[in-house]
Structures are given as C-alpha cells and as structure tokens.
Amino acid sequence: MCGIVGYIGNREAYNVLITGLKRLEYRGYDSAGISILNSQSSIYKCKGKVSDLERFVSGNNVSGTIGMGHTRWATHGEPNDVNAHPHKSFHGKFILIHNGIIENYARLKEKLMALGIPFKSETDTEVLVNLIEYVYEKGNSTAEIAVRMALSEVIGAYGLVIACTDEPDKLIAARKGSPLVIGVGSKEYFIASDATPIVEYTKSVIYLNDNDVAIISREGLILKNLQNDNQIPRIHQLDLDIGEIDKGGYKHFMLKEIFEQPRSILDTFRGRVGTELNAVYLGGLYNVTERLVEARRIIIIGCGTSWHAGLVGEYLFEDLARISVEVEYASEFRYRNPIITPDDVVIAISQSGETADTLAAVRLAKEAGALVLGICNVVGSSIPRETDAGVYTHAGPEIGVASTKAFTAQVTVLAMMALLIGRKKNVLSEEQYLSYIKSLTEVPGRIEQILVHDDEFKRIASLYKLANNFLYLGRGYLFPVALEGALKLKEISYIHAEGYPAAEMKHGPIALIDHKMPVVVLATKDSSYEKIVSNIQEVKARNGIVIAVVTEGESVITKMADHVLEIPVIDPIFAPLLAVIPLQLIAYHIATMRGCNVDQPRNLAKSVTVE
Ligand code: F6R
C-alpha cells in the first residue's frame, strides 16, 4: 500500500518524481525516498512525508533524467529511514521500489542469509532486491532475465520499478497484484501506481496486468510476461484532467470532495438517467441485465465506506426489485466457506478498485460461477478488469483518505441498478419508476441546499470538538448512514464513535448516555419517524445531547433536540444521499479544529492493497 513513481526520458526526473509522489501520498505517507540514476545513483530516503524528503534532499545533486520515487505505508518493518524505499542490493547493482507484500520473504531471506548475503532493513522489499542481484550474479546475462527469474520464486503481491547500474539507460517495471500504470510520451515513459502523476504529461497509458514485466528505455518499451512471452501493450487514453487532482482553492481534498458531490453525483448519472431519458441506461450492464433480473440472490461485498454503501444497496434492491440481498465484509466473506451458486449475482463495491480483500472475494465468487459485477471509481483498476461487467461511478479522483463523494456515487449507482431491475421485473410500475427517476435527478440540487449551511455545521462542530465519544443512530435506509457518520468522525478526528440501529440502543448502548454524550440521530420524515421520535425521547430522558438530522420544516423534534440540522424533502429511499452530507462536514470540522490532518489520517492509507 505504497505509492511508486518512475521516470525515464529527457526531463529532470527529480521534479516529475516529487510532484508524482505528492499525488500518491494518499496511498501511504510514513516515509519517502528517491533515487536519480546519474553517475552517483545515490538514494535519499527518510521517515516522514514527501515534504520532509524534499528538505532532506535539498542541496544535493539530484540532476538526471532517469529515476524512481516511493511513498511508503509500512507493512514489514516500522517506518524509519532504513526501511524506506528505494532499496539497494548487497553489491549495489540493483535499486528497487515496491508496493505490495512478499509473502514468502522470510524463507527467501533465510536462504539468502545462509549464502552470506547481508541485510540492512527489516523489509520484504530488500529480500527481493537481493534475490534479483543474487540471480544476476549467478551468471544470468541481463537484468531483465534476473528480474523475471527472481520474480518466479516470489509469492505475494508487487508493483515494482527496478534499475540496474550495469544497464543505466533502462528501467524495468513489473506487476502482480499491485497496480501499475505506464504513461507513454515522446521518447519518455512515466511509471506510477495510478495515473495521477502521469496525467499532466501524457494521456496515453498502458495498464500492466498481473505477471507483466515491462523493459523500458527512451527508445521504446517491450512488454513480456514472467515466462518471457511477448505481450502486446495496449494503449488507453486517460479521461482525467490535471484540474481534477488539485485542491481547487479548498483547504483540504476532503472538503473539496464533500463540496463536489452535487457535481459528482450528476457525473455518476449523466447520460444514464434523466427526466428527458425517462429510463435508466447502464451500458456496463447491457449484456448481463437478463441474468440480473433472474438473480435468486445478490451478494454485495466491500470494505469500510464501500460496505456501508452496500448496506444502503440492500434496502434499495429489496424495496425496488424484491431481490434477496446479503451484504458482506469482503475480508470475512473470502475466508469463510460461503455458499455461492451460479444463480447468484455478486456485486463488489470499491472506490479504488484495488482493495485486496474485495479483489480476493471477487476471484472467489468468479470461481464459484456467480455473475460478478463491479461498482468502482478508478477506471482501469483491478476489480473492474476482473469482474464480468460493472458500472463505473465516475465521481472523479478521490484523494482525501476519508471517502466522501465515492460513497454518494456508489449509492447512486446502486439506486440506478435497483430501479432498472425493479422495472424490468415489473416490481415497479412505470409511474413509480418515473417518479423515482425524477427524485434521483433532484438529489444534486438538494445537496447544494445543504452545503450552504456549512457555517452552522461548523458552529455545532466547535461545541463538541472536545467530546471523547459520539453515538450515531438511524433506522432503515439511515442506519448505514449512522455507521458512515461514525466512521468519518473516528477516522479523521480520532474521537471514538459508534453507529447503531436506533432501536438497538435499548439493548446496551443506552448505558453510555449521560450529559456528556453527543448523540447524532438521523430522524428524517419516513415510515419510522414516530419510532425515532421515541428514541430521541429516550436519549433526552438520560440527559444525552441530541443533534438531529431532520426534514426541513419539521417541528416536533426541533423542540426536543439540542440542535437540528435540516435537509430538504426527498423520497426516503434517497435520504442517505442527503443525510450523510452534514455528517461528513461535522466530522471534517471537528477534525480540523482538533488539529488533525484530515487528508492523511494517522495509520490509514487510501488504497488498502494488503489484506
Ligand atoms: C473510509 C474509507 C475506507 C474505504 C475502504 C474501502 O473513509 O475510505 O473505509 O472505504 O478502505 O476502500 P475501497 O472503496 O477503495 O475498496
């Protein structure tokens, strides 16, 4: 779960690498390093962020037109200067950066140490670079052959950039399990964990597949697999703008991404649904619609926020399409012995498309013969490439580690899917179908109306920024939003928070309530409104502090709650898309007021490519 960048061409590599690493910091930021392959080929690396690396490097000669850089999220060995990448082999001939985990590293390390090969770090990556040099020195004629032979002994996941000082005008890139993209310019190539470091230089990219090895010089690129068979590099055109990956005047990416939601949701349904279309069109599902309609059961898999979106999907598919749904944590599902049949449809939800557990669950479901679909944001990432079909969320790059616009985009896609199937199955009448479509298209405008109240959310945040605990309660469609609100708060502000179905409060959590406990209650007008009013009374009777998210114009809860946050009227099935907005903003403001780094919370990484 690290970010890697490589460059070969005629520009100063240092600038390309540092800018690229800053874009990839969401993938990991506990240490960073760089190596420019010039006459010295020195490695500069240190604990801390890319900005610390810049300070560390300053004053040194980093001129040169080939190089590699790395931003780390530790898996083997604590974050420190020695464990940071790049790593150099024992005789200094190979320099390497790595994203992933070498699972058999302990065995390989033992073997190499028995041969007298020394190690400096605690990382699995140093095992790899030493193994490559060992194979090379045994008489295997080129760096490429040594890399391919060494990788054939490796079990695990890797995205790699490798340089050999004997072949100074060349970089080798290899992938298995961890994403790697190569940007193709004119006599120059860019290698990165995703396209964000590449997009300002070229839009032509090659996505490496598992077991691919690319041998790259200024003159060209040769693509092979580990078995030395030539592969045809397929060039794709990026649909990404540089403007989409900077902060656009906001203090943090997270804030920008929260405010982008009216547009990102519009982008999610643009051309797929609309009052003028009077229907839902999901091109990615065109060939599998019949199987979806006939599905006996839908199993939704995901992690974290994507799992919460899946829970909203459960309500949507059950209500609108009358299909039985199970929502599973990918990490649990893959290690159980789940019963999956060819009549099942499995939907994997993932912003990054790279989450290791979700990807493994996708593979398991495919082996069992289910139809496997993806709902992903990052185009060309692993999950959409391995699923049978799917729908991209088109929310644009999400850089803030805490997921915001990806959640609303995922729920939007699930709603469109449920509407499509519900109509095809005749569960929804034409009139209901059109009325839901109309409501969905109103969502972006309604979110705009909520965002204008940001100052009020900020004021409430300032009152509770020192709280030690928060409780979030919701029922029905808003129960997953309670979970999501609690997750947002805890991951960026480090305040302990729990989400609960409101009715469950009586079965335990009510014991926690006292005059210091803020309880965020999702209490919009829907079929469980009366019940949630009772839940609020239960909290107030125990002196808890109630912050209620209510429907505009509401008068009963307004009198009972300590604070109310109003959201506009919307069909209850789309309420999650609105109700989550104030919760995202309150979490954001509390975290910034507590001095937390909201875009890069401690211990977290954007893309969890390890299990
Ligand atoms: C929380 C968050 C994580 C991700 C989870 C899955 O704000 O961002 O919980 O939702 O790591 O990531 P994806 O969606 O990329 O599979």
# chains A, B, ... in the order shown; residues from 1 in each chain; ligands from 1
>>> residues_near_ligand(ligand="ligand 1", cutoff="6 Å", atoms="only C-alpha atoms and all ligand atoms", output="list in words")
Cys303, Gly304, Thr305, Ser306, Ser350, Gln351, Ser352, Gly353, Thr355, Val401, Ala402, Ser403, Lys488, Ser607 and Val608 of chain A
>>> write_last_selection(atoms="all heavy atoms", output="compact mmCIF listing (two decimals), in the first residue's frame")
# COMPACT_ATOMS: atom_id res chain seq x y z
N CYS A 303 -15.56 -3.11 1.64
CA CYS A 303 -14.92 -2.82 2.93
C CYS A 303 -15.22 -1.37 3.31
O CYS A 303 -15.39 -0.52 2.42
CB CYS A 303 -13.40 -2.96 2.84
SG CYS A 303 -12.86 -4.58 2.32
N GLY A 304 -15.23 -1.09 4.58
CA GLY A 304 -15.34 0.29 5.07
C GLY A 304 -16.54 1.02 4.51
O GLY A 304 -17.68 0.52 4.53
N THR A 305 -16.29 2.20 3.99
CA THR A 305 -17.36 3.03 3.45
C THR A 305 -18.09 2.33 2.30
O THR A 305 -19.31 2.45 2.16
CB THR A 305 -16.77 4.38 3.00
OG1 THR A 305 -16.40 5.10 4.18
CG2 THR A 305 -17.75 5.21 2.21
N SER A 306 -17.35 1.59 1.50
CA SER A 306 -17.99 0.88 0.38
C SER A 306 -18.96 -0.17 0.90
O SER A 306 -20.00 -0.43 0.30
CB SER A 306 -16.93 0.22 -0.51
OG SER A 306 -16.13 1.21 -1.10
N SER A 350 -16.04 -0.85 -4.67
CA SER A 350 -14.73 -0.37 -4.24
C SER A 350 -14.40 0.94 -4.96
O SER A 350 -14.43 0.99 -6.18
CB SER A 350 -13.66 -1.42 -4.57
OG SER A 350 -12.38 -0.90 -4.32
N GLN A 351 -14.10 1.97 -4.19
CA GLN A 351 -13.68 3.23 -4.80
C GLN A 351 -12.42 3.00 -5.62
O GLN A 351 -12.36 3.30 -6.80
CB GLN A 351 -13.44 4.27 -3.70
CG GLN A 351 -13.14 5.68 -4.15
CD GLN A 351 -11.78 5.92 -4.74
OE1 GLN A 351 -11.66 6.52 -5.82
NE2 GLN A 351 -10.72 5.46 -4.11
N SER A 352 -11.40 2.45 -4.96
CA SER A 352 -10.08 2.31 -5.61
C SER A 352 -10.06 1.22 -6.65
O SER A 352 -9.28 1.25 -7.59
CB SER A 352 -9.03 2.00 -4.56
OG SER A 352 -9.35 0.76 -3.92
N GLY A 353 -10.90 0.21 -6.46
CA GLY A 353 -10.85 -0.96 -7.35
C GLY A 353 -9.64 -1.83 -7.06
O GLY A 353 -9.33 -2.75 -7.81
N THR A 355 -8.76 -2.75 -3.51
CA THR A 355 -8.75 -3.28 -2.15
C THR A 355 -8.52 -4.79 -2.18
O THR A 355 -9.28 -5.53 -2.81
CB THR A 355 -10.07 -2.90 -1.45
OG1 THR A 355 -10.13 -1.48 -1.41
CG2 THR A 355 -10.13 -3.44 -0.03
N VAL A 401 -8.19 10.74 2.15
CA VAL A 401 -8.23 9.33 2.56
C VAL A 401 -9.64 8.93 3.00
O VAL A 401 -10.10 7.83 2.73
CB VAL A 401 -7.16 9.06 3.64
CG1 VAL A 401 -7.41 7.75 4.35
CG2 VAL A 401 -5.78 9.03 2.99
N ALA A 402 -10.34 9.84 3.68
CA ALA A 402 -11.70 9.51 4.10
C ALA A 402 -12.63 9.62 2.89
O ALA A 402 -12.69 10.64 2.22
CB ALA A 402 -12.15 10.46 5.19
N SER A 403 -13.33 8.57 2.64
CA SER A 403 -14.18 8.51 1.45
C SER A 403 -15.46 9.33 1.64
O SER A 403 -16.14 9.19 2.65
CB SER A 403 -14.53 7.04 1.21
OG SER A 403 -15.04 6.88 -0.06
N LYS A 488 -16.64 8.26 9.68
CA LYS A 488 -15.98 9.51 9.26
C LYS A 488 -15.37 10.19 10.47
O LYS A 488 -14.24 10.64 10.43
CB LYS A 488 -16.97 10.47 8.59
CG LYS A 488 -17.43 10.18 7.20
CD LYS A 488 -16.37 10.18 6.14
CE LYS A 488 -15.70 8.85 6.01
NZ LYS A 488 -16.06 7.94 5.00
N SER A 607 -5.62 3.37 -0.28
CA SER A 607 -5.90 2.17 -1.05
C SER A 607 -5.29 1.00 -0.30
O SER A 607 -4.07 0.93 -0.14
CB SER A 607 -5.26 2.38 -2.42
OG SER A 607 -5.49 1.30 -3.23
N VAL A 608 -6.16 0.11 0.21
CA VAL A 608 -5.66 -0.94 1.09
C VAL A 608 -5.36 -2.18 0.25
O VAL A 608 -6.18 -3.08 0.13
CB VAL A 608 -6.66 -1.24 2.23
CG1 VAL A 608 -6.09 -2.23 3.23
CG2 VAL A 608 -7.02 0.06 2.95
>>> residues_around(residues="Ile95 of chain A", least_positions_apart="2", cutoff="8 Å", atoms="only C-alpha atoms", output="PyMOL selection string")
chain A and resi 86-89+92-93+97+129+162-164
>>> write_last_selection(atoms="N, CA and C atoms", output="tab-separated table (two decimals), in the first residue's frame")
chain	number	residue	atom	x	y	z
A	86	PRO	N	13.84	3.86	-1.96
A	86	PRO	CA	14.29	2.66	-2.64
A	86	PRO	C	15.26	1.83	-1.79
A	87	HIS	N	15.36	0.54	-2.17
A	87	HIS	CA	16.34	-0.35	-1.55
A	87	HIS	C	17.39	-0.73	-2.60
A	88	LYS	N	18.62	-0.87	-2.10
A	88	LYS	CA	19.72	-1.21	-2.99
A	88	LYS	C	20.17	-2.63	-2.66
A	89	SER	N	20.61	-3.38	-3.66
A	89	SER	CA	21.06	-4.76	-3.42
A	89	SER	C	22.42	-4.76	-2.74
A	92	GLY	N	25.10	-3.39	-4.61
A	92	GLY	CA	24.74	-2.06	-5.12
A	92	GLY	C	24.41	-1.99	-6.60
A	93	LYS	N	24.19	-3.15	-7.25
A	93	LYS	CA	23.93	-3.11	-8.69
A	93	LYS	C	22.45	-2.82	-9.00
A	97	ILE	N	12.03	-0.10	-6.06
A	97	ILE	CA	10.92	0.35	-5.21
A	97	ILE	C	9.78	-0.63	-5.38
A	129	VAL	N	15.22	-7.31	-3.74
A	129	VAL	CA	16.32	-6.70	-4.49
A	129	VAL	C	17.58	-7.55	-4.36
A	162	ILE	N	12.51	-1.12	-11.17
A	162	ILE	CA	13.85	-1.65	-10.88
A	162	ILE	C	14.85	-1.00	-11.84
A	163	ALA	N	16.03	-0.66	-11.31
A	163	ALA	CA	17.11	-0.17	-12.17
A	163	ALA	C	18.35	-1.01	-11.89
A	164	CYS	N	19.18	-1.18	-12.92
A	164	CYS	CA	20.43	-1.92	-12.76
A	164	CYS	C	21.57	-1.01	-13.22
>>> closest_residue(among="A:Glu456, A:Glu314, A:Asp388, A:Glu54", to="Gly284 of chain A", atoms="only C-alpha atoms")
A:Asp388
>>> atom_distance(atom1="atom CA of Asn61 of chain A", atom2="atom CA of Val161 of chain A")
21.6 Å
>>> closest_residue(among="A:Asn228, A:Ser121, A:Ser534, A:Ser331", to="Leu364 of chain A", atoms="only C-alpha atoms")
A:Ser331
>>> residues_around(residues="Gly9 of chain A", least_positions_apart="4", cutoff="8 Å", atoms="only C-alpha atoms", output="PyMOL selection string")
chain A and resi 13+65-66+187-189+218
>>> residues_around(residues="Gly3 of chain A", least_positions_apart="4", cutoff="6 Å", atoms="only C-alpha atoms", output="list in words")
Leu24, Arg27, His70, Thr71 and Ser193 of chain A
